[in-house]
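Participant: A single structure is presented below for examination.
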2 protein chains.
Amino acid sequence: MPDGYVNTYYQLTDISRRWTNLRDDHELYTAGHMMEAAVAYWQATGKDRLLKVMRRMADHIMSVIGPEEGKLHGYPGHEEIELALCKLYDVTGETKYLHLAEYFISERGREPNFFVQEQKRLGRDYQNAGAFGFAYGQHHLPLKDQETLEGHAVRALYLLCSAADVALRTGDETLKEACRRLYRNVTGRRMYITGGVGSSHIGEAFTFDYDLPGDTAYAETCASIALVFFCRRMLEIELLGDYADTMERALYNTCLAGMSLDMQRFFYVNPLSADPEASRRDDRKKHVLPVRPKWFGCACCPPNLARLLSSLALYAFSVRDRAVCLHLYVQGNFTLDTQNGPAALKVRTEYPRNGLVNLTLGMGDYDLLLHLPGWCKEYHLSRDGKKTHPPAENGYLKIEGPFMETEIILDMRLEPCRVYANERVREEIGKTALQRGPVVFCLEEKDNGPCLHQLSLSRNEPLIDDADPSLPGGMAIRAGGLRQKPASDELYTQTPGQKERATLTFIPYYAWANRGENEMAVWIREE
Amino acid sequence: MPDGYVNTYYQLTDISRRWTNLRDDHELYTAGHMMEAAVAYWQATGKDRLLKVMRRMADHIMSVIGPEEGKLHGYPGHEEIELALCKLYDVTGETKYLHLAEYFISERGREPNFFVQEQKRLGRDYQNAGAFGFAYGQHHLPLKDQETLEGHAVRALYLLCSAADVALRTGDETLKEACRRLYRNVTGRRMYITGGVGSSHIGEAFTFDYDLPGDTAYAETCASIALVFFCRRMLEIELLGDYADTMERALYNTCLAGMSLDMQRFFYVNPLSADPEASRRDDRKKHVLPVRPKWFGCACCPPNLARLLSSLALYAFSVRDRAVCLHLYVQGNFTLDTQNGPAALKVRTEYPRNGLVNLTLGMGDYDLLLHLPGWCKEYHLSRDGKKTHPPAENGYLKIEGPFMETEIILDMRLEPCRVYANERVREEIGKTALQRGPVVFCLEEKDNGPCLHQLSLSRNEPLIDDADPSLPGGMAIRAGGLRQKPASDELYTQTPGQKERATLTFIPYYAWANRGENEMAVWIREE
């Protein structure tokens with residue numbers, strides 16, 4: 001439009017309704033995605049047509065929303081535009097975009113509550129109660145005062161991404177501290193072992209600390225993608241291996257599970273156990289689908305996943321002062337710009353299938369910081385065939401340059417292990433889950449028969465690695481286990497049931513539901 | 001009204017809407033309850049004023065609904081009037097009331113579906129899908145063709161009560177067989193150990209076989225009361241101890257738990273585990289209240305419970321040919337009419353606190369059939385001080401008359417025991433629950449500290465009976481147990497946690513939530 005506004009929905013329906021419902025109508029959210037697209041398009045092609053359009057839209061937004069009198073003192077119902085504005089600032093150098101992002105964050109949750117006023121103007125009474133109260137959109141409190149991450153998980157994590165983006169650019173220490181605090185809350189108390197977040201389908205939301213039920217989980221694919229986004233941004237703020245560990249956990253488990261192995265079908269919801277009968281017959285679990293659908297009415301996850309995977313290098317590497325940092329081990333040839341010129345890296349690895357990473361570092365005067373994953377207890381490192389033992393600092397091994405086609409081999413011992421949830425996690429007490437490197441495993445009915453809950457694993461049973469190409473994911477863990485035998489037909493009996501030996505087969509969680517509808521379970525009782 | 005119609009709602013609002021929405025408007029349901037009241041009032045006082053009113057209402061209903069052309073071929077959305085009509089038939093001898101009850105049952109679920117047509121007349125499209133589809137009101141199939149009990153649990157069980165009532169009076173064997181089949185389905189696959197039924201709050205409904213999650217349970221008080229009603233009716237059809245066992249299970253656990261010990265507060269929902277934080281913060285569990293409210297918007301349970309308890313003798317006894325049958329052991333002086341005249345029984349017992357029942361049988365020529373509860377493995381029986389060993393047939397001990405102030409002492413060995421759920425019950429695998437006689441026990445936070453899920457019980461740990469008057473319910477079971485110790489602050493760790501000894505105190509389930517808000521759990525992990 002002449003004033004810079006662009007939004008297909010309102011332009012094709014009723015333009016008088018624009019900017020009347022920031023809470024519900026995703027007007028700023030879609031503008032944000034279009035801005036990100038404009039930046040990406042410009043970066044990829046050098047063409048600035050869309051960028052010009054979206055700068056005009058950003059300028060228009062600033063004429064409507066902002067701290068000045070006469071403007072809406074508002075912010076988006078679904079956060080996203082804040083991180084787009086930071087990208088716009090990065091490519092244009094215009095601080096006004098950064099300031100608008102900052103304003104959206106700092107205004108959010110302040111009194112008087114903007115959305116209450118806005119809904120009042122729309123003739124609606126908006127109360128702060130239930131799953132769709134103020135915390136749903138993170139405007140129950142200013143971010144700086146939030147102690148726990150609340151509400152809609154994707155929104156909450158996009159807000160944290162924005163906060164990290166702004167804090168990195170402005171140096172706002174309070175905002176950084178809020179990011180750290182909320183990162184600790186999410187990853188320390190509100191994250192499934194698969195990196196899934198958002199325990200409840202009601203509001204697609206966080207519930208409370210240590211509430212991580214597997215069978216009714218929501219754990220939206222987009223929420224784990226947002227967690228990857230957030231961790232990557234925190235790695236810009238400070239190089240701590242824990243952020244990269246969380247990125248691995250989310251990426252190799254929930255994110256990948258969001259897509260079928262043939263990349264044709266997608267999960268929105270990523271449970272930690274599935275029972276097709278329950279999904280069919282129990283309305284409390286109908287959101288938990290036992291197979292990936294082809295598409296969704298609200299199809300945010302598939303393109304978000306496509307974007308993440310096709311830009312994976314942006315998450316695998318970063319440059320920090322004179323160092324090139326490797327956070328994720330992905331194969332490929334990469335060139336990074338360091339302060340001393342370009343660094344060419346060749347990475348050869350089958351990680352996480354095995355723990356061997358072969359790096360060839362092109363000529364250049366830079367250091368290399370290698371992420372040593374939190375799960376790794378034993379590793380060998382060599383430089384041009386010679387063993388080297390750099391100390392690990394904050395989860396990174398520092399290998400000093402300069403390099404000249406230098407060969408670095410990182411060999412991490414990767415074997416199946418048992419993981420236990422904190423004893424405050426009600427649902428998983430007395431259970432264990434198997435992990436191999438960053439990959440979480442699960443049982444499927446196809447390999448283990450029905451009624452997976454009847455299986456258990458003895459504490460000392462060895463876990464056997466089995467690279468079985470016939471299984472989805474191509475790697476399996478086998479273990480001897482026990483299966484509860486029927487005690488009687490009675491529903492309740494004084495006679496405890498007997499157990500029989502069973503061979504258990506675990507496949508990677510990301511590979512589940514690729515052989516039709518069947519039961520699945522990540523956690524198994526340990527005896 | 002002149003035509004016999006009586007219904008305060010429609011008479012005080014819009015009489016033109018009467019009989020337009022049998023599915024939703026509870027018009028026949030409330031008529032049924034008023035008929036039951038009329039019969040009870042007549043039986044208790046000999047006054048027939050209300051009975052006359054409700055006979056006119058029943059006659060009016062017959063002029064509006066029935067198989068004849070021009071009438072509505074309908075039935076109630078919420079069953080209840082069917083059993084009231086059987087009572088009306090009993091006191092008036094008018095077979096037309098029995099036939100109307102029979103019609104309501106046989107028409108239900110037949111094609112074309114009455115409610116679809118009715119809703120169409122109201123301009124609504126009523127589809128058979130989800131928790132509120134046809135099964136919600138048991139009109140998905142004719143009762144005689146139903147293999148599993150479905151839908152709203154109270155409605156479904158009232159339908160079974162009606163079917164048993166009609167079958168008893170008409171001798172309809174197909175209907176009796178449907179009652180037996182659905183009784184087996186409910187009690188063999190869809191009943192909590194507490195006698196609670198209806199696993200899901202969505203539709204207050206049954207879900208599927210062996211789906212009995214404790215923390216999200218619905219298990220409405222009224223549904224267990226309806227189960228007592230149904231069992232008592234089945235005992236008229238055939239004297240099988242299993243019906244009395246189920247009556248005991250529902251009565252001494254979920255029904256009693258429906259009311260606080262001071263009788264001032266009531267539960268609608270009766271979970272098998274409670275966590276106040278989850279009820280407050282997780283919208284999936286907000287129906288699970290950790291303390292009894294004073295009243296409800298839809299207050300069916302409190303008066304239904306009051307009626308059950310104040311007419312308990314009707315459930316404790318029945319007369320069958322020349323025998324007086326005792327199904328429940330409750331203290332009091334009772335007179336029953338047998339075919340050979342009145343039988344006066346004095347029952348002295350503290351059951352289920354202990355297993356001693358002292359009976360004095362007044363003069364008369366009748367037999368006595370004593371229910372031997374299914375949980376009872378050892379007992380002694382004496383007649384006027386002399387041991388006697390009658391065989392137990394179908395769960396009843398037959399003591400032959402005549403009697404002349406005869407003293408019968410039944411001494412059942414009552415000690416705590418462990419109960420296991422069928423291995424197909426997903427949620428309770430690897431767990432045990434404690435029972436003492438018919439009373440199911442539970443752990444409460446008040447006695448055992450927070451995080452009840454961290455407690456477990458070793459298989460061979462002795463269970464100690466402790467009549468502790470300071471505890472709610474006045475009887476406790478103590479056992480040595482284990483408590484999971486914190487392993488680390490990490491959410492996930494490779495280090496399994498350690499355990500420490502703990503003393504566990506179990507109180508009767510019916511006595512839970514009498515000391516303010518706290519955690520509760522019926523099932524405990526067994527190691």
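By convention here, the chains of the structure tokens are called A, B, ... in the order presented, each chain's residues are numbered starting at 1, and ligands are numbered starting at 1 in the order presented.
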Provide as number ranges by chain the residues of chain B at most 7 Å from chain A, counting only C-alpha atoms.

Facilitator: B: 131, 188-189, 202, 207-208, 281-283, 418-423, 426, 429, 453-454, 484, 486, 490-496

Participant: For Gly123 in chain B, find every residue with an atom within 12 Å (counting only C-alpha atoms), except residues of its own chain fewer than 5 positions away, and show them as JSON, numbers by chain.

Facilitator: {"B": [20, 21, 116, 117, 118]}

Participant: Emit the selected residues as an mmCIF file, in the first residue's frame, including all heavy atoms.

Facilitator:
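What follows is the written file again-v5.cif:
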data_model
loop_
_atom_site.group_PDB
_atom_site.id
_atom_site.type_symbol
_atom_site.label_atom_id
_atom_site.label_comp_id
_atom_site.auth_asym_id
_atom_site.auth_seq_id
_atom_site.Cartn_x
_atom_site.Cartn_y
_atom_site.Cartn_z
ATOM 1 N N THR B 20 -39.301 -31.030 23.035
ATOM 2 C CA THR B 20 -38.629 -30.736 21.759
ATOM 3 C C THR B 20 -37.170 -31.166 21.760
ATOM 4 O O THR B 20 -36.554 -31.270 20.708
ATOM 5 C CB THR B 20 -38.648 -29.223 21.433
ATOM 6 O OG1 THR B 20 -38.036 -28.502 22.511
ATOM 7 C CG2 THR B 20 -40.074 -28.727 21.223
ATOM 8 N N ASN B 21 -36.590 -31.399 22.944
ATOM 9 C CA ASN B 21 -35.177 -31.750 22.992
ATOM 10 C C ASN B 21 -34.931 -32.786 24.086
ATOM 11 O O ASN B 21 -34.405 -32.488 25.149
ATOM 12 C CB ASN B 21 -34.328 -30.491 23.230
ATOM 13 C CG ASN B 21 -32.843 -30.750 23.003
ATOM 14 O OD1 ASN B 21 -32.418 -31.906 22.887
ATOM 15 N ND2 ASN B 21 -32.059 -29.688 22.945
ATOM 16 N N VAL B 116 -30.847 -37.910 16.033
ATOM 17 C CA VAL B 116 -30.427 -37.238 14.798
ATOM 18 C C VAL B 116 -31.619 -36.486 14.217
ATOM 19 O O VAL B 116 -31.514 -35.315 13.836
ATOM 20 C CB VAL B 116 -29.879 -38.261 13.781
ATOM 21 C CG1 VAL B 116 -29.620 -37.586 12.431
ATOM 22 C CG2 VAL B 116 -28.592 -38.898 14.305
ATOM 23 N N GLN B 117 -32.773 -37.156 14.201
ATOM 24 C CA GLN B 117 -33.986 -36.520 13.665
ATOM 25 C C GLN B 117 -34.412 -35.341 14.520
ATOM 26 O O GLN B 117 -34.776 -34.281 14.029
ATOM 27 C CB GLN B 117 -35.108 -37.556 13.617
ATOM 28 C CG GLN B 117 -34.777 -38.742 12.713
ATOM 29 C CD GLN B 117 -35.864 -39.797 12.761
ATOM 30 O OE1 GLN B 117 -36.305 -40.209 13.835
ATOM 31 N NE2 GLN B 117 -36.302 -40.220 11.581
ATOM 32 N N GLU B 118 -34.342 -35.555 15.856
ATOM 33 C CA GLU B 118 -34.746 -34.501 16.779
ATOM 34 C C GLU B 118 -33.871 -33.260 16.626
ATOM 35 O O GLU B 118 -34.359 -32.127 16.567
ATOM 36 C CB GLU B 118 -34.660 -35.026 18.215
ATOM 37 C CG GLU B 118 -35.131 -34.028 19.256
ATOM 38 C CD GLU B 118 -34.852 -34.527 20.671
ATOM 39 O OE1 GLU B 118 -33.671 -34.673 21.041
ATOM 40 O OE2 GLU B 118 -35.817 -34.776 21.401
#

Participant: Set the distance at 9 Å and use only C-alpha atoms: which residues neighbour Asp145 in chain B once local chain neighbours fewer than 3 positions away are removed? I'd like the list as a PyMOL selection string.

Facilitator: chain B and resi 141-142+178

Participant: Create the file for the chosen residues now, containing N, CA, C and O atoms and written as a PDB file, in the first residue's frame.

Facilitator:
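The result, stored in out.pdb:
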ATOM      1  N   LEU B 141     -25.950 -48.169  19.417  1.00  0.00           N
ATOM      2  CA  LEU B 141     -26.400 -49.534  19.099  1.00  0.00           C
ATOM      3  C   LEU B 141     -27.521 -49.875  20.073  1.00  0.00           C
ATOM      4  O   LEU B 141     -27.564 -49.340  21.178  1.00  0.00           O
ATOM      5  N   PRO B 142     -28.410 -50.779  19.700  1.00  0.00           N
ATOM      6  CA  PRO B 142     -29.353 -51.275  20.713  1.00  0.00           C
ATOM      7  C   PRO B 142     -28.571 -51.950  21.849  1.00  0.00           C
ATOM      8  O   PRO B 142     -27.541 -52.589  21.595  1.00  0.00           O
ATOM      9  N   ALA B 178     -27.370 -59.385  28.180  1.00  0.00           N
ATOM     10  CA  ALA B 178     -26.691 -58.110  27.908  1.00  0.00           C
ATOM     11  C   ALA B 178     -26.175 -57.500  29.211  1.00  0.00           C
ATOM     12  O   ALA B 178     -25.060 -56.982  29.283  1.00  0.00           O
TER      13      ALA B 178
END

Participant: Write out as a ChimeraX atom specification each polymer residue whose atoms come within 10 Å of Leu410 in chain B, counting only C-alpha atoms; drop sequence neighbours fewer than 3 positions from it.

Facilitator: /B:349,355-359,370,372,379-383,407,413

Participant: Write the residues you've just listed into a file as a CSV table (one decimal), in the first residue's frame, and include N, CA and C atoms for each of them.

Facilitator:
chain,number,residue,atom,x,y,z
B,349,THR,N,-21.5,-55.3,64.2
B,349,THR,CA,-20.2,-55.5,63.6
B,349,THR,C,-19.5,-54.1,63.4
B,355,GLY,N,-13.2,-58.0,60.9
B,355,GLY,CA,-14.0,-59.0,60.1
B,355,GLY,C,-15.0,-59.8,60.9
B,356,LEU,N,-15.3,-59.3,62.1
B,356,LEU,CA,-16.2,-60.0,63.0
B,356,LEU,C,-17.6,-59.5,62.8
B,357,VAL,N,-18.5,-60.4,62.5
B,357,VAL,CA,-19.9,-60.1,62.4
B,357,VAL,C,-20.8,-61.0,63.3
B,358,ASN,N,-21.5,-60.3,64.2
B,358,ASN,CA,-22.3,-61.0,65.1
B,358,ASN,C,-23.8,-60.8,64.8
B,359,LEU,N,-24.5,-61.9,64.5
B,359,LEU,CA,-25.9,-61.9,64.0
B,359,LEU,C,-26.8,-62.5,65.0
B,370,LEU,N,-25.2,-65.9,53.7
B,370,LEU,CA,-24.2,-64.9,54.0
B,370,LEU,C,-23.2,-64.7,52.9
B,372,LEU,N,-19.9,-64.2,51.4
B,372,LEU,CA,-18.5,-64.4,51.7
B,372,LEU,C,-17.6,-63.6,50.7
B,379,TYR,N,-11.9,-67.9,57.2
B,379,TYR,CA,-13.0,-67.4,58.1
B,379,TYR,C,-13.4,-68.5,59.0
B,380,HIS,N,-14.1,-68.1,60.1
B,380,HIS,CA,-14.7,-69.1,61.0
B,380,HIS,C,-16.2,-68.7,61.1
B,381,LEU,N,-17.0,-69.8,61.2
B,381,LEU,CA,-18.4,-69.5,61.3
B,381,LEU,C,-18.9,-70.4,62.5
B,382,SER,N,-19.7,-69.7,63.4
B,382,SER,CA,-20.3,-70.5,64.4
B,382,SER,C,-21.8,-70.3,64.6
B,383,ARG,N,-22.5,-71.2,65.0
B,383,ARG,CA,-24.0,-71.1,65.2
B,383,ARG,C,-24.2,-71.5,66.7
B,407,GLU,N,-27.7,-67.3,67.5
B,407,GLU,CA,-26.6,-66.4,67.3
B,407,GLU,C,-25.6,-67.0,66.3
B,413,ARG,N,-11.0,-63.4,58.5
B,413,ARG,CA,-9.6,-63.0,58.8
B,413,ARG,C,-9.4,-61.8,57.8

Participant: Could you check the closest approach to Met404 in chain B for each of B:Cys231, B:Ser162, B:Asn128, B:Leu345 and tell me which residue wins, using only C-alpha atoms?

Facilitator: B:Leu345

Participant: Compile the contact shell of Leu85 in chain A as a list of chain:residue names: residues with an atom at most 7 Å away, counting only C-alpha atoms, same-chain residues fewer than 2 positions apart removed.

Facilitator: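 Everything that qualifies: A:Ile81, A:Glu82, A:Leu83, A:Lys87, A:Leu88, A:Tyr89, A:Tyr97, A:Leu98, A:Ala101.
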
Participant: Grab the residues selected above and save them as an mmCIF file, in the first residue's frame with C-alpha atoms.

Facilitator:
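Just written: again.cif:
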data_model
loop_
_atom_site.group_PDB
_atom_site.id
_atom_site.type_symbol
_atom_site.label_atom_id
_atom_site.label_comp_id
_atom_site.auth_asym_id
_atom_site.auth_seq_id
_atom_site.Cartn_x
_atom_site.Cartn_y
_atom_site.Cartn_z
ATOM 1 C CA ILE A 81 9.103 -10.052 14.207
ATOM 2 C CA GLU A 82 11.597 -9.084 16.935
ATOM 3 C CA LEU A 83 14.254 -11.434 15.600
ATOM 4 C CA LYS A 87 18.307 -9.263 11.051
ATOM 5 C CA LEU A 88 17.025 -6.148 9.299
ATOM 6 C CA TYR A 89 19.266 -4.075 11.571
ATOM 7 C CA TYR A 97 14.926 -1.565 13.708
ATOM 8 C CA LEU A 98 16.919 -2.772 16.676
ATOM 9 C CA ALA A 101 12.693 -5.034 18.555
#

Participant: Just give me the gap between CA of Ile464 in chain B and CA of Arg478 in chain B in Å, one decimal is fine.

Facilitator: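 Spanning CA of Ile464 in chain B to CA of Arg478 in chain B is a straight-line distance of 5.0 Å.
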
Participant: Using only C-alpha atoms, determine which residues lie at most 10 Å from range 35-41 of chain A, disregarding the query and same-chain residues fewer than 6 positions distant; provide the list as a list in words.

Facilitator: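 Contacts, with the query itself left out: Tyr29, Lys47, Asp48, Arg49, Leu50, Leu51, Lys52, Val53, Met54, Arg55, Met57, Ala58, Glu80, Ile81, Leu83, Ala84, Leu85, Cys86, Lys87, Leu88, Asp90, Val91 and Thr92 of chain A.
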